[in-house]
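Chemist: protein_0.cif is reproduced in full below (mmCIF, C-alpha atoms).
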```
data_coords
#
loop_
_atom_site.label_atom_id
_atom_site.label_comp_id
_atom_site.auth_asym_id
_atom_site.auth_seq_id
_atom_site.Cartn_x
_atom_site.Cartn_y
_atom_site.Cartn_z
CA ASN A 1 -1.65 15.11 -13.95
CA TYR A 2 -1.64 11.43 -15.00
CA THR A 3 -1.09 10.18 -11.43
CA PRO A 4 -2.86 6.79 -11.09
CA LYS A 5 -5.14 6.27 -8.11
CA LEU A 6 -6.79 3.00 -7.12
CA ILE A 7 -10.46 3.72 -6.52
CA ASP A 8 -12.32 0.40 -6.41
CA CYS A 9 -11.52 -3.29 -6.76
CA GLY A 10 -15.16 -4.23 -7.13
CA LEU A 11 -17.62 -5.87 -4.76
CA ALA A 12 -18.71 -9.48 -4.55
CA LYS A 13 -20.63 -11.21 -1.77
CA LEU A 14 -23.36 -13.77 -1.24
CA LEU A 15 -26.37 -12.61 0.77
CA THR A 16 -28.13 -14.72 3.38
CA ASP A 17 -31.83 -14.31 4.17
CA SER A 18 -31.10 -12.10 7.19
CA GLN A 19 -28.75 -9.94 5.15
CA VAL A 20 -31.40 -9.48 2.49
CA VAL A 21 -33.76 -8.21 5.19
CA GLU A 22 -31.09 -5.80 6.45
CA GLN A 23 -30.36 -4.70 2.89
CA ARG A 24 -34.00 -3.85 2.28
CA GLY A 25 -34.21 -2.12 5.65
CA GLY A 26 -31.42 0.26 4.70
CA ARG A 27 -28.99 -1.00 7.36
CA SER A 28 -26.58 -2.80 5.06
CA VAL A 29 -23.18 -1.53 3.96
CA PHE A 30 -23.68 -3.01 0.49
CA THR A 31 -23.78 -0.46 -2.30
CA MET A 32 -26.04 -2.37 -4.65
CA GLY A 33 -29.80 -2.81 -4.55
CA SER A 34 -31.70 -5.59 -2.83
CA SER A 35 -31.12 -9.14 -4.02
CA MET A 36 -32.54 -12.59 -3.47
CA ALA A 37 -30.89 -14.66 -0.74
CA GLY A 38 -27.88 -16.62 -1.98
CA GLN A 39 -27.56 -14.60 -5.14
CA ALA A 40 -24.14 -13.13 -5.89
CA ILE A 41 -24.00 -9.36 -6.10
CA GLY A 42 -21.12 -7.23 -7.24
CA THR A 43 -19.58 -5.12 -9.96
CA PRO A 44 -19.78 -6.77 -13.39
CA GLY A 45 -16.37 -7.46 -14.88
CA TYR A 46 -14.64 -7.44 -11.50
CA MET A 47 -16.38 -10.34 -9.76
CA CYS A 48 -14.52 -13.60 -9.33
CA PRO A 49 -15.95 -16.37 -11.56
CA SER A 50 -16.03 -18.78 -8.61
CA VAL A 51 -18.34 -16.39 -6.74
CA LEU A 52 -20.57 -16.07 -9.80
CA SER A 53 -20.81 -19.86 -9.98
CA GLY A 54 -22.02 -20.01 -6.37
CA ARG A 55 -18.84 -20.97 -4.54
CA GLN A 56 -17.93 -19.50 -1.17
CA TYR A 57 -16.69 -15.94 -1.13
CA GLY A 58 -13.15 -15.42 0.22
CA ASP A 59 -10.16 -13.10 0.24
CA ARG A 60 -8.81 -14.56 -3.00
CA ALA A 61 -11.96 -13.30 -4.72
CA GLU A 62 -10.75 -9.79 -3.84
CA VAL A 63 -7.35 -10.67 -5.30
CA PHE A 64 -9.13 -11.51 -8.56
CA SER A 65 -10.83 -8.10 -8.51
CA PHE A 66 -7.47 -6.44 -7.91
CA GLY A 67 -6.08 -8.42 -10.85
CA VAL A 68 -8.76 -6.98 -13.12
CA VAL A 69 -7.84 -3.45 -11.97
CA LEU A 70 -4.19 -4.28 -12.70
CA LEU A 71 -5.21 -5.45 -16.18
CA GLU A 72 -6.94 -2.11 -16.71
CA VAL A 73 -3.81 -0.23 -15.69
CA LEU A 74 -1.56 -2.35 -17.90
CA THR A 75 -3.73 -2.32 -21.02
CA GLY A 76 -5.23 1.14 -20.70
CA LYS A 77 -8.70 -0.34 -21.16
CA LEU A 78 -11.70 -0.40 -18.84
CA THR A 79 -13.07 -3.90 -18.36
CA ALA A 80 -16.61 -2.59 -18.95
CA ALA A 81 -15.53 -1.33 -22.39
CA VAL A 82 -14.22 -4.73 -23.53
CA LYS A 83 -17.11 -6.68 -25.00
CA PRO A 84 -18.71 -9.06 -24.44
CA SER A 85 -17.50 -9.93 -20.92
CA GLY A 86 -14.47 -7.89 -19.91
CA LEU A 87 -10.71 -8.07 -19.68
CA TYR A 88 -10.56 -11.38 -17.82
CA ASP A 89 -12.21 -13.33 -20.61
CA TYR A 90 -10.39 -11.35 -23.30
CA TYR A 91 -6.87 -11.96 -21.99
CA ILE A 92 -6.87 -14.66 -19.28
CA ASN A 93 -9.79 -17.12 -19.50
CA ALA A 94 -8.55 -20.03 -21.62
CA ASN A 95 -12.08 -20.84 -22.79
CA GLU A 96 -12.84 -17.31 -24.01
CA GLN A 97 -9.40 -15.82 -24.66
CA GLU A 98 -9.18 -13.62 -27.75
CA GLU A 99 -5.65 -12.25 -27.28
CA GLU A 100 -2.62 -13.25 -25.21
CA LEU A 101 -1.46 -10.85 -22.54
CA THR A 102 1.94 -9.99 -24.00
CA LEU A 103 4.06 -6.84 -24.24
CA SER A 104 2.25 -5.82 -27.40
CA ALA A 105 -1.07 -5.73 -25.53
CA LEU A 106 0.16 -3.24 -22.94
CA ASP A 107 -0.38 0.50 -22.86
CA VAL A 108 3.12 1.97 -23.09
CA ARG A 109 2.17 4.66 -20.57
CA ALA A 110 1.84 2.01 -17.87
CA VAL A 111 5.27 0.42 -18.30
CA SER A 112 7.37 3.11 -19.98
CA ASP A 113 11.03 3.66 -19.15
CA GLY A 114 10.55 7.40 -19.61
CA SER A 115 11.49 7.48 -23.29
CA GLY A 116 8.22 5.97 -24.50
CA GLU A 117 9.70 2.47 -24.79
CA THR A 118 8.32 -0.50 -22.86
CA CYS A 119 10.49 -1.45 -19.91
CA LYS A 120 10.58 -5.25 -20.05
CA GLN A 121 12.01 -5.52 -16.53
CA VAL A 122 8.75 -4.00 -15.26
CA ALA A 123 6.27 -5.27 -17.86
CA ALA A 124 7.11 -8.97 -17.64
CA PRO A 125 6.61 -9.37 -13.87
CA LEU A 126 3.44 -7.22 -13.98
CA ILE A 127 1.98 -9.42 -16.73
CA GLN A 128 2.80 -12.50 -14.67
CA LEU A 129 1.31 -10.92 -11.54
CA ALA A 130 -1.95 -9.97 -13.28
CA SER A 131 -2.21 -13.47 -14.74
CA ARG A 132 -1.71 -15.03 -11.31
CA CYS A 133 -4.29 -12.74 -9.70
CA CYS A 134 -6.89 -13.66 -12.31
CA GLY A 135 -5.85 -17.29 -12.65
CA ALA A 136 -7.03 -20.40 -10.83
CA GLN A 137 -8.15 -19.58 -7.30
CA LYS A 138 -5.78 -22.02 -5.59
CA ASN A 139 -2.80 -20.41 -7.36
CA ARG A 140 -3.65 -16.79 -6.58
CA PRO A 141 -1.30 -14.91 -4.26
CA LYS A 142 -2.41 -13.49 -0.94
CA MET A 143 -2.81 -9.72 -0.89
CA GLN A 144 0.14 -8.95 1.43
CA PRO A 145 2.76 -10.88 -0.63
CA LEU A 146 1.20 -9.36 -3.75
CA LEU A 147 1.69 -5.83 -2.41
CA ALA A 148 5.24 -6.73 -1.38
CA GLU A 149 6.00 -7.72 -4.99
CA LEU A 150 4.59 -4.42 -6.26
CA ARG A 151 6.64 -2.44 -3.73
CA ALA A 152 9.80 -4.31 -4.75
CA LEU A 153 9.16 -3.44 -8.42
CA GLU A 154 8.52 0.18 -7.47
CA GLN A 155 11.78 0.44 -5.53
CA GLN A 156 13.77 -1.16 -8.35
CA HIS A 157 12.35 0.65 -11.37
CA CYS A 158 10.21 3.68 -10.49
CA GLN A 159 11.40 7.22 -9.98
CA LEU A 160 9.85 9.21 -7.19
CA THR A 161 7.13 11.64 -8.19
CA GLN A 162 7.35 15.26 -7.10
CA GLU A 163 4.62 14.59 -4.54
CA GLU A 164 6.54 11.62 -3.11
CA MET A 165 9.79 13.59 -2.97
CA GLN A 166 8.04 16.44 -1.16
CA SER A 167 6.43 13.98 1.24
CA ARG A 168 9.75 12.28 1.99
CA LEU A 169 11.48 15.63 2.39
CA ALA A 170 8.77 16.75 4.79
CA SER A 171 9.09 13.49 6.76
CA ALA A 172 12.88 13.82 6.84
CA THR A 173 12.54 17.43 8.03
CA VAL A 174 10.19 16.37 10.82
CA ARG A 175 12.57 13.59 11.84
CA SER A 176 15.55 15.97 11.73
CA GLU A 177 13.71 18.50 13.86
CA ALA A 178 12.77 15.77 16.31
CA VAL A 179 16.38 14.55 16.51
CA ALA A 180 17.60 18.14 16.88
CA GLY A 181 15.12 18.62 19.73
CA VAL A 182 16.36 15.49 21.48
CA ILE A 183 20.00 16.57 21.04
CA ALA A 184 19.23 20.07 22.33
CA GLU A 185 17.46 18.63 25.36
CA ALA A 186 20.37 16.28 26.01
CA MET A 187 22.81 19.18 25.78
CA ARG A 188 20.72 21.24 28.24
CA GLU A 189 20.64 18.29 30.63
CA ALA A 190 24.41 17.88 30.33
CA GLN A 191 24.90 21.57 31.02
CA ARG A 192 22.62 21.34 34.05
CA LEU A 193 24.56 18.37 35.41
CA GLN A 194 27.86 20.11 34.78
CA ALA A 195 26.65 23.25 36.58
CA ALA A 196 25.45 21.14 39.50
CA ALA A 197 28.82 19.36 39.66
CA GLU A 198 30.70 22.68 39.61
CA GLN A 199 28.45 24.01 42.39
CA ARG A 200 29.18 20.90 44.44
CA ASN A 201 32.89 21.31 43.90
CA ARG A 202 32.76 24.96 45.00
CA LEU A 203 30.87 24.05 48.16
CA GLU A 204 33.35 21.29 48.94
CA ARG A 205 36.32 23.64 48.46
CA ARG A 206 34.74 26.23 50.73
CA ALA A 207 34.11 23.58 53.36
CA GLN A 208 37.72 22.43 53.10
CA GLU A 209 39.01 26.00 53.35
CA LYS A 210 36.91 26.67 56.48
CA ALA A 211 38.11 23.43 58.04
CA ALA A 212 41.73 24.39 57.33
CA GLN A 213 41.22 27.82 58.89
CA ARG A 214 39.79 26.28 62.05
CA GLU A 215 42.81 23.97 62.39
CA CYS A 216 45.24 26.89 61.96
CA CYS A 217 43.50 28.90 64.64
#
```
Show me this structure written as structure tokens.
Modeler:
Amino acid sequence: NYTPKLIDCGLAKLLTDSQVVEQRGGRSVFTMGSSMAGQAIGTPGYMCPSVLSGRQYGDRAEVFSFGVVLLEVLTGKLTAAVKPSGLYDYYINANEQEEELTLSALDVRAVSDGSGETCKQVAAPLIQLASRCCGAQKNRPKMQPLLAELRALEQQHCQLTQEEMQSRLASATVRSEAVAGVIAEAMREAQRLQAAAEQRNRLERRAQEKAAQRECC
């Protein structure tokens, strides 16, 4: 139904000698085959160039991988299908760049305003975000601020899908039922207190009446 789902941002890590032993022993969480110690392993096209060149792996390497996925969403192309070395080199890498990442490079389905026309208010910041994710490592955003930017764009420009509307309606219904339950419980407690107060008042009046009768007699 054309609903995008993020499946994988790629994998990149350097193996130590002990990790290689674990990998070969079947106890590793890595999804690729055994490798020589110190050799970078990962998904071609998604791995950060700094990891490929032997630098230390870090969280910004994952941001690069996310940037490649974002490029795929924006351009409608799989990085593995862009020869010779993927979307990063084709659009971002200054040494290998074959085409600038502009509005004309985007798949209209990714940034449409609903009429088939590119929505510049969405496209421009997404192009900038993808470029930052795949740019120089020191300039890449952290993942949490990155996600905050995406959520802000979603709130400003995206209509809710039917699934999202149903989910929000269900959540609102649950909250309403919970609030109604709390109100009902509060009302029952108020009624109980009122009944107790009335009972007290009746007992006090009876005591007063009996006292008055004793004084008269």
Chemist: When you look at range 126-143 of chain A with a cut-off of 12 Å (counting only C-alpha atoms), what residues show up, excluding the ones that are within fewer than 5 positions of it in the same chain? I need them as a VMD selection string.
Modeler: chain A and resid 45 to 51 55 to 75 87 to 94 100 to 107 110 to 111 119 to 121 148 to 154
Chemist: Kindly export the residues of the current selection with C-alpha atoms, as a CSV table (one decimal), keeping the file's coordinate frame.
Modeler:
```csv
chain,number,residue,atom,x,y,z
A,45,GLY,CA,-16.4,-7.5,-14.9
A,46,TYR,CA,-14.6,-7.4,-11.5
A,47,MET,CA,-16.4,-10.3,-9.8
A,48,CYS,CA,-14.5,-13.6,-9.3
A,49,PRO,CA,-16.0,-16.4,-11.6
A,50,SER,CA,-16.0,-18.8,-8.6
A,51,VAL,CA,-18.3,-16.4,-6.7
A,55,ARG,CA,-18.8,-21.0,-4.5
A,56,GLN,CA,-17.9,-19.5,-1.2
A,57,TYR,CA,-16.7,-15.9,-1.1
A,58,GLY,CA,-13.2,-15.4,0.2
A,59,ASP,CA,-10.2,-13.1,0.2
A,60,ARG,CA,-8.8,-14.6,-3.0
A,61,ALA,CA,-12.0,-13.3,-4.7
A,62,GLU,CA,-10.8,-9.8,-3.8
A,63,VAL,CA,-7.4,-10.7,-5.3
A,64,PHE,CA,-9.1,-11.5,-8.6
A,65,SER,CA,-10.8,-8.1,-8.5
A,66,PHE,CA,-7.5,-6.4,-7.9
A,67,GLY,CA,-6.1,-8.4,-10.8
A,68,VAL,CA,-8.8,-7.0,-13.1
A,69,VAL,CA,-7.8,-3.4,-12.0
A,70,LEU,CA,-4.2,-4.3,-12.7
A,71,LEU,CA,-5.2,-5.4,-16.2
A,72,GLU,CA,-6.9,-2.1,-16.7
A,73,VAL,CA,-3.8,-0.2,-15.7
A,74,LEU,CA,-1.6,-2.4,-17.9
A,75,THR,CA,-3.7,-2.3,-21.0
A,87,LEU,CA,-10.7,-8.1,-19.7
A,88,TYR,CA,-10.6,-11.4,-17.8
A,89,ASP,CA,-12.2,-13.3,-20.6
A,90,TYR,CA,-10.4,-11.4,-23.3
A,91,TYR,CA,-6.9,-12.0,-22.0
A,92,ILE,CA,-6.9,-14.7,-19.3
A,93,ASN,CA,-9.8,-17.1,-19.5
A,94,ALA,CA,-8.6,-20.0,-21.6
A,100,GLU,CA,-2.6,-13.2,-25.2
A,101,LEU,CA,-1.5,-10.8,-22.5
A,102,THR,CA,1.9,-10.0,-24.0
A,103,LEU,CA,4.1,-6.8,-24.2
A,104,SER,CA,2.2,-5.8,-27.4
A,105,ALA,CA,-1.1,-5.7,-25.5
A,106,LEU,CA,0.2,-3.2,-22.9
A,107,ASP,CA,-0.4,0.5,-22.9
A,110,ALA,CA,1.8,2.0,-17.9
A,111,VAL,CA,5.3,0.4,-18.3
A,119,CYS,CA,10.5,-1.4,-19.9
A,120,LYS,CA,10.6,-5.2,-20.0
A,121,GLN,CA,12.0,-5.5,-16.5
A,148,ALA,CA,5.2,-6.7,-1.4
A,149,GLU,CA,6.0,-7.7,-5.0
A,150,LEU,CA,4.6,-4.4,-6.3
A,151,ARG,CA,6.6,-2.4,-3.7
A,152,ALA,CA,9.8,-4.3,-4.8
A,153,LEU,CA,9.2,-3.4,-8.4
A,154,GLU,CA,8.5,0.2,-7.5
```
Chemist: At what distance in Å, to one decimal, does CA of Val108 in chain A lie from CA of Lys77 in chain A?
Modeler: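 So the answer is 12.2 Å.
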Chemist: What is the distance, in Å and to one decimal place, between CA of Ala170 in chain A and CA of His157 in chain A?
Modeler: 23.1 Å
Chemist: Using Å and a single decimal, report how far CA of Gln208 in chain A sits from CA of Ala196 in chain A.
Modeler: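 Those two atoms sit 18.4 Å apart.
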Chemist: If we count only C-alpha atoms, what is near Thr161 in chain A at a cut-off of 9 Å, once residues fewer than 4 positions away on the same chain are taken out, given as a list in words?
Modeler: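 Here the answer would be Thr3, Met165 and Gln166 of chain A.
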